[in-house]
file model_6.tsv (TSV, C-alpha atoms and all ligand atoms)
chain	number	residue	atom	x	y	z
A	1	MET	CA	221.98	169.56	169.56
A	2	GLY	CA	220.48	166.45	168.10
A	3	LEU	CA	219.08	163.86	170.40
A	4	SER	CA	221.95	163.61	172.89
A	5	THR	CA	219.75	164.54	175.85
A	6	SER	CA	216.34	163.58	174.53
A	7	LYS	CA	214.12	161.30	176.58
A	8	ARG	CA	210.86	161.56	174.63
A	9	LEU	CA	210.31	162.76	171.09
A	10	VAL	CA	207.47	163.31	168.68
A	11	ILE	CA	208.15	162.79	164.98
A	12	LYS	CA	205.71	164.08	162.36
A	13	ILE	CA	205.49	162.44	158.94
A	14	GLY	CA	203.44	164.08	156.18
A	15	SER	CA	201.45	162.53	153.35
A	16	ALA	CA	204.20	163.26	150.80
A	17	LEU	CA	206.43	160.74	152.59
A	18	ILE	CA	203.91	157.97	153.04
A	19	ALA	CA	202.15	158.52	149.72
A	20	PRO	CA	204.83	159.70	147.26
A	21	ASN	CA	202.52	158.79	144.39
A	22	LYS	CA	199.71	160.81	146.03
A	23	LYS	CA	197.56	157.68	146.28
A	24	GLY	CA	197.82	154.61	148.48
A	25	CYS	CA	200.69	154.02	150.93
A	26	SER	CA	204.30	153.14	150.24
A	27	SER	CA	207.06	152.06	152.60
A	28	ARG	CA	209.70	153.51	150.24
A	29	TYR	CA	210.58	156.46	152.49
A	30	LEU	CA	209.22	154.95	155.70
A	31	LEU	CA	211.88	152.24	156.06
A	32	GLY	CA	214.58	154.73	157.03
A	33	ILE	CA	212.24	156.56	159.38
A	34	ALA	CA	211.15	153.29	161.00
A	35	GLN	CA	214.82	152.38	161.45
A	36	PHE	CA	215.38	155.77	163.12
A	37	ILE	CA	212.46	155.12	165.48
A	38	VAL	CA	213.88	151.70	166.34
A	39	ARG	CA	217.31	153.18	167.07
A	40	CYS	CA	215.79	155.90	169.26
A	41	ARG	CA	213.91	153.29	171.26
A	42	GLU	CA	217.11	151.20	171.61
A	43	ARG	CA	218.72	154.28	173.17
A	44	GLY	CA	215.87	154.62	175.64
A	45	ILE	CA	214.22	157.54	173.84
A	46	GLN	CA	210.43	157.16	173.87
A	47	VAL	CA	208.84	157.95	170.51
A	48	VAL	CA	205.39	159.19	169.50
A	49	LEU	CA	204.64	159.16	165.77
A	50	VAL	CA	202.23	161.65	164.19
A	51	SER	CA	201.43	160.38	160.72
A	52	SER	CA	199.27	161.74	157.92
A	53	GLY	CA	198.29	159.62	154.96
A	54	SER	CA	194.78	158.36	155.57
A	55	VAL	CA	193.23	160.59	152.88
A	56	ALA	CA	195.93	159.65	150.36
A	57	ALA	CA	195.61	155.96	151.26
A	58	GLY	CA	191.84	156.03	150.80
A	59	ALA	CA	191.99	158.07	147.59
A	60	LYS	CA	192.76	155.05	145.44
A	61	LEU	CA	189.36	153.55	146.35
A	62	PHE	CA	187.39	156.46	144.91
A	63	ASP	CA	186.66	157.59	141.39
A	64	GLU	CA	189.45	160.02	140.59
A	65	ASN	CA	187.17	162.15	138.42
A	66	GLN	CA	184.83	162.73	141.35
A	67	GLU	CA	185.05	166.19	142.89
A	68	ARG	CA	186.98	166.09	146.20
A	69	THR	CA	184.25	167.46	148.45
A	70	VAL	CA	184.67	167.59	152.22
A	71	THR	CA	182.45	164.51	152.51
A	72	ILE	CA	184.56	162.57	149.99
A	73	LYS	CA	187.73	163.49	151.88
A	74	LYS	CA	186.21	162.31	155.16
A	75	ALA	CA	185.22	159.04	153.49
A	76	MET	CA	188.75	158.70	152.03
A	77	ALA	CA	190.22	159.22	155.50
A	78	ALA	CA	187.90	156.56	156.95
A	79	ALA	CA	188.75	154.14	154.15
A	80	GLY	CA	192.51	154.80	154.28
A	81	GLN	CA	193.25	155.09	158.00
A	82	ALA	CA	193.59	151.32	158.53
A	83	GLU	CA	196.02	150.99	155.59
A	84	MET	CA	198.10	153.91	156.81
A	85	LEU	CA	198.40	152.33	160.23
A	86	ALA	CA	199.10	148.86	158.80
A	87	THR	CA	201.85	150.29	156.56
A	88	TRP	CA	203.67	151.51	159.67
A	89	ASP	CA	202.82	148.53	161.84
A	90	LYS	CA	204.42	145.99	159.52
A	91	LEU	CA	207.75	147.86	159.77
A	92	PHE	CA	208.04	147.28	163.53
A	93	ASP	CA	208.46	144.20	165.68
A	94	PHE	CA	206.90	145.96	168.66
A	95	PRO	CA	203.23	146.92	169.04
A	96	THR	CA	201.70	150.12	167.75
A	97	ALA	CA	198.50	151.89	168.84
A	98	GLN	CA	196.13	154.06	166.86
A	99	VAL	CA	195.18	157.38	168.45
A	100	LEU	CA	192.75	159.55	166.48
A	101	LEU	CA	192.22	163.08	167.77
A	102	THR	CA	190.34	166.23	166.84
A	103	HIS	CA	190.81	169.77	168.02
A	104	ALA	CA	187.53	169.41	169.90
A	105	ASP	CA	189.20	166.65	171.95
A	106	LEU	CA	192.39	168.60	172.58
A	107	ARG	CA	190.73	171.85	173.61
A	108	ASN	CA	188.45	170.17	176.14
A	109	ARG	CA	190.48	170.00	179.34
A	110	ASP	CA	189.01	166.69	180.57
A	111	ARG	CA	189.54	164.95	177.23
A	112	TYR	CA	193.02	166.51	176.97
A	113	VAL	CA	193.98	165.02	180.32
A	114	ASN	CA	192.65	161.63	179.14
A	115	ILE	CA	194.76	161.91	175.97
A	116	LYS	CA	197.85	162.71	178.08
A	117	GLU	CA	197.24	159.74	180.34
A	118	THR	CA	196.66	157.35	177.43
A	119	ILE	CA	199.84	158.41	175.60
A	120	ALA	CA	201.87	158.13	178.82
A	121	CYS	CA	200.43	154.66	179.47
A	122	LEU	CA	201.20	153.47	175.93
A	123	LEU	CA	204.80	154.70	176.24
A	124	GLU	CA	205.24	153.07	179.65
A	125	ASN	CA	204.21	149.81	178.00
A	126	ASP	CA	206.64	150.23	175.07
A	127	ILE	CA	203.81	150.64	172.55
A	128	LEU	CA	204.34	153.14	169.76
A	129	PRO	CA	201.42	155.62	169.58
A	130	ILE	CA	200.60	156.52	165.96
A	131	ILE	CA	198.52	159.67	166.00
A	132	ASN	CA	196.44	161.29	163.27
A	133	GLU	CA	193.59	163.76	163.14
A	134	ASN	CA	190.22	162.01	163.09
A	135	ASP	CA	189.20	163.65	159.82
A	136	THR	CA	186.00	161.62	159.52
A	137	VAL	CA	184.24	163.32	162.43
A	138	THR	CA	185.54	166.88	162.15
A	139	THR	CA	184.05	170.04	160.80
A	140	ASP	CA	186.18	173.09	160.11
A	141	SER	CA	185.54	174.59	163.54
A	142	LEU	CA	186.48	171.36	165.32
A	143	LYS	CA	189.67	170.39	163.52
A	144	VAL	CA	193.31	171.33	163.88
A	145	GLY	CA	193.49	171.15	160.08
A	146	ASP	CA	197.09	170.14	159.59
A	147	ASN	CA	199.30	167.59	161.26
A	148	ASP	CA	202.17	170.07	161.79
A	149	ASN	CA	200.17	172.00	164.39
A	150	LEU	CA	198.70	168.73	165.66
A	151	SER	CA	202.23	167.40	166.26
A	152	ALA	CA	203.09	170.41	168.46
A	153	MET	CA	199.91	169.91	170.47
A	154	VAL	CA	200.79	166.23	170.76
A	155	ALA	CA	204.34	167.16	171.88
A	156	ALA	CA	202.77	169.16	174.72
A	157	ALA	CA	200.28	166.41	175.59
A	158	SER	CA	203.10	163.83	175.56
A	159	ASP	CA	205.47	165.94	177.69
A	160	ALA	CA	208.02	165.44	174.90
A	161	ASP	CA	211.34	167.29	174.96
A	162	THR	CA	211.92	167.10	171.18
A	163	LEU	CA	209.74	167.55	168.09
A	164	ILE	CA	211.00	166.50	164.65
A	165	ILE	CA	208.91	167.70	161.72
A	166	CYS	CA	209.82	165.98	158.48
A	167	SER	CA	209.66	168.01	155.30
A	168	ASP	CA	210.50	167.54	151.63
A	169	VAL	CA	213.27	170.14	151.95
A	170	ASN	CA	216.23	170.30	154.34
A	171	GLY	CA	214.71	172.89	156.65
A	172	LEU	CA	213.74	176.56	156.59
A	173	TYR	CA	215.48	178.54	153.85
A	174	ASP	CA	215.78	182.31	153.48
A	175	LYS	CA	213.91	181.93	150.15
A	176	ASN	CA	211.82	179.19	148.59
A	177	PRO	CA	214.51	176.61	147.62
A	178	ASN	CA	212.23	175.15	144.93
A	179	THR	CA	212.26	178.40	143.00
A	180	HIS	CA	215.54	180.09	144.09
A	181	GLN	CA	218.85	178.37	143.46
A	182	ASP	CA	220.66	180.76	145.81
A	183	ALA	CA	218.36	179.96	148.78
A	184	VAL	CA	220.34	179.46	151.98
A	185	LEU	CA	219.34	177.09	154.79
A	186	ILE	CA	218.78	178.79	158.15
A	187	PRO	CA	220.39	176.40	160.66
A	188	VAL	CA	219.18	177.93	163.92
A	189	VAL	CA	216.16	180.05	164.84
A	190	ASN	CA	216.30	181.44	168.36
A	191	ASP	CA	213.27	183.67	168.06
A	192	ILE	CA	210.23	183.10	165.84
A	193	THR	CA	209.56	186.64	164.64
A	194	PRO	CA	207.15	187.93	161.95
A	195	ASP	CA	210.21	187.90	159.62
A	196	ILE	CA	210.45	184.13	160.03
A	197	TYR	CA	206.79	183.80	159.08
A	198	ALA	CA	207.36	186.07	156.09
A	199	ILE	CA	210.20	183.81	154.91
A	200	ALA	CA	208.01	180.71	155.37
A	201	GLY	CA	205.33	182.11	153.05
A	202	ASP	CA	202.10	180.33	152.36
A	203	ALA	CA	203.26	177.50	150.12
A	204	THR	CA	201.56	174.19	150.71
A	205	SER	CA	202.57	170.70	149.71
A	206	LEU	CA	200.65	169.08	146.86
A	207	VAL	CA	199.67	166.00	148.84
A	208	GLY	CA	199.36	167.08	152.48
A	209	THR	CA	197.71	170.05	154.10
A	210	GLY	CA	200.64	171.89	155.65
A	211	GLY	CA	203.44	173.93	154.14
A	212	MET	CA	206.37	175.73	155.79
A	213	LYS	CA	203.99	178.18	157.50
A	214	THR	CA	202.22	175.50	159.51
A	215	LYS	CA	205.63	174.06	160.43
A	216	ILE	CA	206.66	177.43	161.86
A	217	GLN	CA	203.36	177.69	163.74
A	218	ALA	CA	204.06	174.24	165.16
A	219	ALA	CA	207.61	175.24	166.10
A	220	GLU	CA	206.29	178.35	167.85
A	221	LYS	CA	203.87	176.27	169.91
A	222	ALA	CA	206.56	173.73	170.74
A	223	VAL	CA	209.41	176.06	171.73
A	224	SER	CA	207.21	178.02	174.11
A	225	ASN	CA	206.66	174.70	175.84
A	226	GLY	CA	210.43	174.11	176.13
A	227	VAL	CA	210.54	171.58	173.26
A	228	HIS	CA	213.65	171.37	171.04
A	229	THR	CA	212.22	171.49	167.52
A	230	TYR	CA	213.74	170.47	164.18
A	231	ILE	CA	212.53	170.70	160.61
A	232	VAL	CA	214.46	168.08	158.64
A	233	ASN	CA	214.34	166.40	155.26
A	234	GLY	CA	212.45	163.13	155.66
A	235	PHE	CA	213.28	161.82	152.21
A	236	ASN	CA	216.69	160.42	153.06
A	237	ASP	CA	218.41	158.76	155.99
A	238	ALA	CA	221.31	161.18	156.49
A	239	PRO	CA	219.36	163.73	158.63
A	240	PHE	CA	218.23	160.97	161.00
A	241	ASN	CA	221.77	159.66	161.38
A	242	MET	CA	222.95	163.20	162.12
A	243	LEU	CA	220.26	163.64	164.79
A	244	LEU	CA	221.39	160.39	166.41
A	245	ASP	CA	224.99	161.68	166.28
A	246	GLY	CA	223.99	164.81	168.21
A	247	LYS	CA	224.05	167.08	165.15
A	248	ASN	CA	221.55	169.43	163.57
A	249	PRO	CA	220.70	168.32	160.03
A	250	GLY	CA	218.16	171.01	159.21
A	251	THR	CA	216.66	173.98	161.00
A	252	TYR	CA	216.72	173.93	164.79
A	253	PHE	CA	214.29	176.07	166.77
A	254	ALA	CA	215.65	176.70	170.25
A	255	PRO	CA	213.21	176.23	173.12
A	256	HIS	CA	212.37	179.11	175.43
A	257	ALA	CA	214.59	179.20	178.47
A	258	LYS	CA	211.52	179.67	180.66
A	259	PRO	CA	208.77	177.46	179.21
A	260	MET	CA	205.17	178.31	179.95
A	261	LEU	CA	203.39	176.47	182.72
A	262	GLU	CA	201.61	173.42	181.29
A	263	HIS	CA	198.04	174.62	181.78
A	264	LEU	CA	198.84	178.12	180.45
A	265	HIS	CA	200.52	176.60	177.39
A	266	TRP	CA	197.44	174.48	176.77
A	267	MET	CA	195.23	177.55	177.14
A	268	THR	CA	197.36	179.63	174.75
A	269	HIS	CA	198.16	177.09	172.07
A	270	THR	CA	195.56	174.34	172.19
A	271	SER	CA	192.27	175.54	173.64
A	272	SER	CA	189.94	177.80	171.65
A	273	THR	CA	188.08	180.76	173.06
A	274	GLN	CA	184.34	180.40	173.49
A	275	GLY	CA	183.64	184.12	173.93
A	276	GLU	CA	185.07	187.45	175.04
A	277	VAL	CA	185.34	189.33	178.30
A	278	VAL	CA	185.92	193.04	177.68
A	279	VAL	CA	187.76	195.36	180.10
A	280	ASN	CA	188.47	199.05	179.68
A	281	GLU	CA	191.79	200.37	178.43
A	282	GLU	CA	192.82	201.75	181.86
A	283	PHE	CA	192.44	198.37	183.49
A	284	SER	CA	194.43	196.59	180.80
A	285	GLY	CA	197.71	198.09	182.10
A	286	ASP	CA	197.12	196.56	185.55
A	287	LEU	CA	196.31	193.25	183.99
A	288	LEU	CA	199.43	193.26	181.82
A	289	ASN	CA	201.81	194.34	184.57
A	290	ASP	CA	200.57	192.37	187.50
A	291	LYS	CA	198.56	189.51	186.05
A	292	ILE	CA	196.01	190.33	188.72
A	293	ALA	CA	192.64	188.68	189.12
A	294	LEU	CA	189.75	190.15	187.19
A	295	ASN	CA	186.59	190.88	189.16
A	296	ALA	CA	183.09	191.34	187.83
A	297	GLU	CA	183.15	195.12	188.34
A	298	GLU	CA	186.06	195.45	185.92
A	299	VAL	CA	184.15	193.71	183.13
A	300	VAL	CA	182.61	196.24	180.78
A	301	GLY	CA	181.28	193.83	178.15
A	302	VAL	CA	180.64	190.17	177.38
A	303	ASN	CA	180.49	188.66	173.89
A	304	GLY	CA	179.36	185.16	173.01
A	305	GLN	CA	178.02	182.41	175.18
A	306	PHE	CA	180.31	180.51	177.50
A	307	SER	CA	180.16	178.38	180.60
A	308	ALA	CA	182.25	178.56	183.78
A	309	GLY	CA	185.52	176.74	183.05
A	310	ASP	CA	185.61	177.72	179.34
A	311	THR	CA	188.52	179.61	177.80
A	312	VAL	CA	187.71	183.20	176.87
A	313	LEU	CA	189.56	186.01	175.16
A	314	VAL	CA	190.16	189.02	177.41
A	315	ARG	CA	190.28	192.19	175.33
A	316	THR	CA	189.96	195.92	175.85
A	317	ASP	CA	187.00	197.99	174.72
A	318	GLY	CA	189.48	199.45	172.20
A	319	GLY	CA	189.93	195.98	170.63
A	320	THR	CA	193.40	195.05	171.97
A	321	ARG	CA	193.72	191.31	172.60
A	322	LEU	CA	195.19	190.93	176.09
A	323	ALA	CA	194.96	187.34	177.23
A	324	LYS	CA	193.35	183.95	177.00
A	325	ALA	CA	191.91	182.92	180.33
A	326	LYS	CA	189.76	180.42	182.12
A	327	THR	CA	186.54	182.10	183.23
A	328	ASN	CA	184.99	181.21	186.57
A	329	TYR	CA	181.70	182.84	185.54
A	330	SER	CA	179.39	181.95	182.67
A	331	SER	CA	178.39	184.63	180.15
A	332	CYS	CA	174.86	184.30	181.52
A	333	LEU	CA	175.98	185.15	185.09
A	334	LEU	CA	178.15	188.05	183.90
A	335	ASN	CA	175.25	189.49	181.92
A	336	PHE	CA	172.99	189.05	184.96
A	337	ILE	CA	175.45	190.89	187.21
A	338	ALA	CA	175.72	193.71	184.67
A	339	ASP	CA	171.94	194.14	184.86
A	340	GLN	CA	171.93	194.43	188.70
A	341	ASP	CA	172.79	197.41	190.91
A	342	SER	CA	176.32	197.82	192.20
A	343	ASP	CA	175.57	196.23	195.61
A	344	VAL	CA	175.04	192.84	194.00
A	345	THR	CA	178.25	193.22	192.03
A	346	ALA	CA	180.15	194.05	195.20
A	347	ILE	CA	178.82	191.01	197.03
A	348	MET	CA	179.73	188.67	194.18
A	349	SER	CA	183.21	190.01	193.52
A	350	ASN	CA	184.52	191.04	196.95
A	351	ASP	CA	186.23	187.76	197.64
A	352	GLN	CA	189.36	187.12	195.54
A	353	SER	CA	188.34	183.46	195.10
A	354	ASP	CA	185.15	184.69	193.42
A	355	SER	CA	187.05	186.53	190.71
A	356	VAL	CA	185.82	186.14	187.15
A	357	ILE	CA	189.36	185.21	186.15
A	358	SER	CA	191.93	184.24	188.76
A	359	ASN	CA	195.55	185.29	188.42
A	360	LYS	CA	196.55	181.62	187.99
A	361	GLY	CA	194.17	181.08	185.07
A	362	ILE	CA	195.33	183.80	182.71
A	363	ALA	CA	197.83	183.53	179.84
A	364	MET	CA	198.90	186.90	178.46
A	365	LEU	CA	199.13	187.25	174.66
A	366	ASN	CA	202.02	189.02	173.01
A	367	SER	CA	199.94	190.73	170.36
B	1	LIG	N1	194.89	163.94	158.53
B	1	LIG	C1	195.24	163.99	157.15
B	1	LIG	C2	195.46	162.60	156.60
B	1	LIG	O1	195.60	161.66	157.31
B	1	LIG	C3	196.50	164.79	156.90
B	1	LIG	C4	196.52	166.20	157.34
B	1	LIG	C5	197.83	166.86	156.87
B	1	LIG	O2	198.25	166.61	155.75
B	1	LIG	O3	198.43	167.63	157.63
B	1	LIG	O4	195.53	162.44	155.39
call {"tool": "encode", "arguments": {"input": "model_6.tsv", "output": "structure tokens"}}
result
Amino acid sequence: MGLSTSKRLVIKIGSALIAPNKKGCSSRYLLGIAQFIVRCRERGIQVVLVSSGSVAAGAKLFDENQERTVTIKKAMAAAGQAEMLATWDKLFDFPTAQVLLTHADLRNRDRYVNIKETIACLLENDILPIINENDTVTTDSLKVGDNDNLSAMVAAASDADTLIICSDVNGLYDKNPNTHQDAVLIPVVNDITPDIYAIAGDATSLVGTGGMKTKIQAAEKAVSNGVHTYIVNGFNDAPFNMLLDGKNPGTYFAPHAKPMLEHLHWMTHTSSTQGEVVVNEEFSGDLLNDKIALNAEEVVGVNGQFSAGDTVLVRTDGGTRLAKAKTNYSSCLLNFIADQDSDVTAIMSNDQSDSVISNKGIAMLNS
């Protein structure tokens, strides 16, 4: 429990902590968190900070009666990002680095590897990476959308062993603690079931984007990667002191005993599918049981346009989602093969190495 064995952690701070007045930045709640980061580093724990706050910081520069369109929010993020970073930077006597990411960056394998290498290099050089979503350049289809999920993706990209998500409540409760006085804190979650999501509900914070639901999504991503995950109250110092003392101050999500392989975790939780490869129901059993390679002759349908190397959804003709996988064939080539006679199909799929999806590039889905 706590940080007794941690070597590298990611801590996520939401807008409510950095902008308690919903506008501008304040160090009121950040001082204790900065002190925690300093103490972790003194113990040899490397820290990556994921911080929101650029939109709130920039908001004070815009007419408050103006409608908050997507464009205005992007402009607020651009105007506020420097202040958000400076607010953190002045609390440390070691260097910080700004890393701005989008989902489009994270789901592209080459860019993802670059992100991993940059974070590792910053940490090796004792520089604190401060990561935020690059709201200015994103559209809905290219953004993560909330920094809770971003922090779990960053935990994977950083090879972190611990993720701490700061909230305005002490952790996950069995009921909404803001509306139910008898709500009870759930100290440990070993398995993130649909019941846990039901408890989390849809509530969102007034300032930031995420609520408890996105925190659970983040925890689910992180634990399947073997990351110890905590939701703690970021508004006072006690939870941080408890973490440093090896205790659990909030809700602890236990990591899976057998974490997913790195590239399969990335495929499942970070990359997005560019199209679909459809197999028939009979074949799906083989795929599920043996994780065997998928050859062109087993493909009964192709949806969307994708290139070789893209991530695709493998589903049955009955609609069951089976897996996310890296395709070795483009949609164009698969459609071409489907239009040829069976001899061509046999030539192109006889060799295992020519499989549409190899058994090493497939991540089965649970639902
Ligand atoms: N990227 C946003 C910001 O800097 C925050 C997103 C979130 O609240 O999760 O304001």
call {"tool": "closest_residue", "arguments": {"input": "model_6.tsv", "among": "A:Thr138, A:Thr118, A:Asn149, A:Ser167", "to": "A:Ala16", "atoms": "all atoms listed in the file"}}
result
A:Ser167
call {"tool": "residues_around", "arguments": {"input": "model_6.tsv", "residues": "stretch 247-264 of chain A", "least_positions_apart": "4", "cutoff": "6 Å", "atoms": "all atoms listed in the file", "output": "list of chain:residue names"}}
result
A:Met1, A:Gly2, A:Asn170, A:Gly171, A:Leu172, A:Ile186, A:Pro187, A:Val188, A:Val189, A:Asn190, A:Val223, A:Ser224, A:Asn225, A:Gly226, A:Val227, A:His228, A:Thr229, A:Tyr230, A:Ile231, A:Val232, A:Pro239, A:Met242, A:Leu243, A:Ala363
call {"tool": "closest_residue", "arguments": {"input": "model_6.tsv", "among": "A:Thr69, A:Thr320, A:Ser141, A:Thr268", "to": "A:Ser284", "atoms": "only C-alpha atoms"}}
result
A:Thr320
call {"tool": "closest_residue", "arguments": {"input": "model_6.tsv", "among": "A:Val169, A:Lys90, A:Ile72, A:Trp266", "to": "A:Ala183", "atoms": "all atoms listed in the file"}}
result
A:Val169
call {"tool": "closest_residue", "arguments": {"input": "model_6.tsv", "among": "A:Leu128, A:Val277, A:Ile13, A:Leu101", "to": "A:Cys40", "atoms": "only C-alpha atoms"}}
result
A:Leu128
call {"tool": "closest_atom_pairs", "arguments": {"input": "model_6.tsv", "of": "chain A", "to": "ligand LIG 1 (chain B)", "cutoff": "10 Å", "atoms": "only C-alpha atoms and all ligand atoms", "output": "JSON lines"}}
result
{"residue": "A:Lys12", "atom": "CA", "partner": "B:LIG1", "partner_atom": "O3", "distance": 9.4}
{"residue": "A:Ile13", "atom": "CA", "partner": "B:LIG1", "partner_atom": "O3", "distance": 8.9}
{"residue": "A:Gly14", "atom": "CA", "partner": "B:LIG1", "partner_atom": "O2", "distance": 5.8}
{"residue": "A:Ser15", "atom": "CA", "partner": "B:LIG1", "partner_atom": "O2", "distance": 5.7}
{"residue": "A:Ala16", "atom": "CA", "partner": "B:LIG1", "partner_atom": "O2", "distance": 8.4}
{"residue": "A:Ile18", "atom": "CA", "partner": "B:LIG1", "partner_atom": "O4", "distance": 9.8}
{"residue": "A:Ala19", "atom": "CA", "partner": "B:LIG1", "partner_atom": "O4", "distance": 9.6}
{"residue": "A:Val50", "atom": "CA", "partner": "B:LIG1", "partner_atom": "N1", "distance": 9.5}
{"residue": "A:Ser51", "atom": "CA", "partner": "B:LIG1", "partner_atom": "O1", "distance": 6.9}
{"residue": "A:Ser52", "atom": "CA", "partner": "B:LIG1", "partner_atom": "O1", "distance": 3.7}
{"residue": "A:Gly53", "atom": "CA", "partner": "B:LIG1", "partner_atom": "O4", "distance": 4.0}
{"residue": "A:Ser54", "atom": "CA", "partner": "B:LIG1", "partner_atom": "O1", "distance": 3.8}
{"residue": "A:Val55", "atom": "CA", "partner": "B:LIG1", "partner_atom": "O4", "distance": 3.9}
{"residue": "A:Ala56", "atom": "CA", "partner": "B:LIG1", "partner_atom": "O4", "distance": 5.8}
{"residue": "A:Ala57", "atom": "CA", "partner": "B:LIG1", "partner_atom": "O4", "distance": 7.7}
{"residue": "A:Gly58", "atom": "CA", "partner": "B:LIG1", "partner_atom": "O4", "distance": 8.7}
{"residue": "A:Ala59", "atom": "CA", "partner": "B:LIG1", "partner_atom": "O4", "distance": 9.6}
{"residue": "A:Lys73", "atom": "CA", "partner": "B:LIG1", "partner_atom": "O4", "distance": 8.6}
{"residue": "A:Lys74", "atom": "CA", "partner": "B:LIG1", "partner_atom": "O4", "distance": 9.3}
{"residue": "A:Met76", "atom": "CA", "partner": "B:LIG1", "partner_atom": "O4", "distance": 8.4}
{"residue": "A:Ala77", "atom": "CA", "partner": "B:LIG1", "partner_atom": "O1", "distance": 6.2}
{"residue": "A:Ala78", "atom": "CA", "partner": "B:LIG1", "partner_atom": "O1", "distance": 9.2}
{"residue": "A:Gly80", "atom": "CA", "partner": "B:LIG1", "partner_atom": "O1", "distance": 8.1}
{"residue": "A:Gln81", "atom": "CA", "partner": "B:LIG1", "partner_atom": "O1", "distance": 7.0}
{"residue": "A:Met84", "atom": "CA", "partner": "B:LIG1", "partner_atom": "O1", "distance": 8.2}
{"residue": "A:Leu100", "atom": "CA", "partner": "B:LIG1", "partner_atom": "N1", "distance": 9.3}
{"residue": "A:Leu101", "atom": "CA", "partner": "B:LIG1", "partner_atom": "N1", "distance": 9.7}
{"residue": "A:Thr102", "atom": "CA", "partner": "B:LIG1", "partner_atom": "N1", "distance": 9.7}
{"residue": "A:Ile131", "atom": "CA", "partner": "B:LIG1", "partner_atom": "N1", "distance": 9.3}
{"residue": "A:Asn132", "atom": "CA", "partner": "B:LIG1", "partner_atom": "N1", "distance": 5.6}
{"residue": "A:Glu133", "atom": "CA", "partner": "B:LIG1", "partner_atom": "N1", "distance": 4.8}
{"residue": "A:Asn134", "atom": "CA", "partner": "B:LIG1", "partner_atom": "N1", "distance": 6.8}
{"residue": "A:Asp135", "atom": "CA", "partner": "B:LIG1", "partner_atom": "N1", "distance": 5.8}
{"residue": "A:Thr136", "atom": "CA", "partner": "B:LIG1", "partner_atom": "N1", "distance": 9.2}
{"residue": "A:Lys143", "atom": "CA", "partner": "B:LIG1", "partner_atom": "N1", "distance": 9.7}
{"residue": "A:Val144", "atom": "CA", "partner": "B:LIG1", "partner_atom": "O3", "distance": 8.9}
{"residue": "A:Gly145", "atom": "CA", "partner": "B:LIG1", "partner_atom": "C4", "distance": 6.4}
{"residue": "A:Asp146", "atom": "CA", "partner": "B:LIG1", "partner_atom": "O3", "distance": 3.5}
{"residue": "A:Asn147", "atom": "CA", "partner": "B:LIG1", "partner_atom": "O3", "distance": 3.7}
{"residue": "A:Asp148", "atom": "CA", "partner": "B:LIG1", "partner_atom": "O3", "distance": 6.1}
{"residue": "A:Asn149", "atom": "CA", "partner": "B:LIG1", "partner_atom": "O3", "distance": 8.2}
{"residue": "A:Leu150", "atom": "CA", "partner": "B:LIG1", "partner_atom": "O3", "distance": 8.1}
{"residue": "A:Ser151", "atom": "CA", "partner": "B:LIG1", "partner_atom": "O3", "distance": 9.4}
{"residue": "A:Thr204", "atom": "CA", "partner": "B:LIG1", "partner_atom": "O2", "distance": 9.7}
{"residue": "A:Ser205", "atom": "CA", "partner": "B:LIG1", "partner_atom": "O2", "distance": 8.5}
{"residue": "A:Leu206", "atom": "CA", "partner": "B:LIG1", "partner_atom": "O2", "distance": 9.5}
{"residue": "A:Val207", "atom": "CA", "partner": "B:LIG1", "partner_atom": "O2", "distance": 7.1}
{"residue": "A:Gly208", "atom": "CA", "partner": "B:LIG1", "partner_atom": "O2", "distance": 3.5}
{"residue": "A:Thr209", "atom": "CA", "partner": "B:LIG1", "partner_atom": "O2", "distance": 3.9}
{"residue": "A:Gly210", "atom": "CA", "partner": "B:LIG1", "partner_atom": "O3", "distance": 5.2}
{"residue": "A:Gly211", "atom": "CA", "partner": "B:LIG1", "partner_atom": "O3", "distance": 8.8}
{"residue": "A:Thr214", "atom": "CA", "partner": "B:LIG1", "partner_atom": "O3", "distance": 8.9}
call {"tool": "closest_residue", "arguments": {"input": "model_6.tsv", "among": "A:Asp110, A:Asp140, A:Asp159, A:Glu83", "to": "A:Val48", "atoms": "only C-alpha atoms"}}
result
A:Asp159
call {"tool": "residues_around", "arguments": {"input": "model_6.tsv", "residues": "A:Phe235", "least_positions_apart": "3", "cutoff": "8 Å", "atoms": "only C-alpha atoms", "output": "ChimeraX atom specification"}}
result
/A:17,29,167-168
call {"tool": "atom_distance", "arguments": {"input": "model_6.tsv", "atom1": "atom CA of A:Asp89", "atom2": "atom CA of A:Ala218"}}
result
26.0 Å
call {"tool": "residues_around", "arguments": {"input": "model_6.tsv", "residues": "stretch 308-316 of chain A", "least_positions_apart": "4", "cutoff": "8 Å", "atoms": "only C-alpha atoms", "output": "PyMOL selection string"}}
result
chain A and resi 267+271-281+284+320-330
call {"tool": "write_last_selection", "arguments": {"input": "model_6.tsv", "atoms": "C-alpha atoms", "output": "short mmCIF file (atom, residue, chain, number, x, y, z; two decimals), in the coordinates of the input"}}
result
data_model
loop_
_atom_site.label_atom_id
_atom_site.label_comp_id
_atom_site.auth_asym_id
_atom_site.auth_seq_id
_atom_site.Cartn_x
_atom_site.Cartn_y
_atom_site.Cartn_z
CA MET A 267 195.23 177.55 177.14
CA SER A 271 192.27 175.54 173.64
CA SER A 272 189.94 177.80 171.65
CA THR A 273 188.08 180.76 173.06
CA GLN A 274 184.34 180.40 173.49
CA GLY A 275 183.64 184.12 173.93
CA GLU A 276 185.07 187.45 175.04
CA VAL A 277 185.34 189.33 178.30
CA VAL A 278 185.92 193.04 177.68
CA VAL A 279 187.76 195.36 180.10
CA ASN A 280 188.47 199.05 179.68
CA GLU A 281 191.79 200.37 178.43
CA SER A 284 194.43 196.59 180.80
CA THR A 320 193.40 195.05 171.97
CA ARG A 321 193.72 191.31 172.60
CA LEU A 322 195.19 190.93 176.09
CA ALA A 323 194.96 187.34 177.23
CA LYS A 324 193.35 183.95 177.00
CA ALA A 325 191.91 182.92 180.33
CA LYS A 326 189.76 180.42 182.12
CA THR A 327 186.54 182.10 183.23
CA ASN A 328 184.99 181.21 186.57
CA TYR A 329 181.70 182.84 185.54
CA SER A 330 179.39 181.95 182.67
#
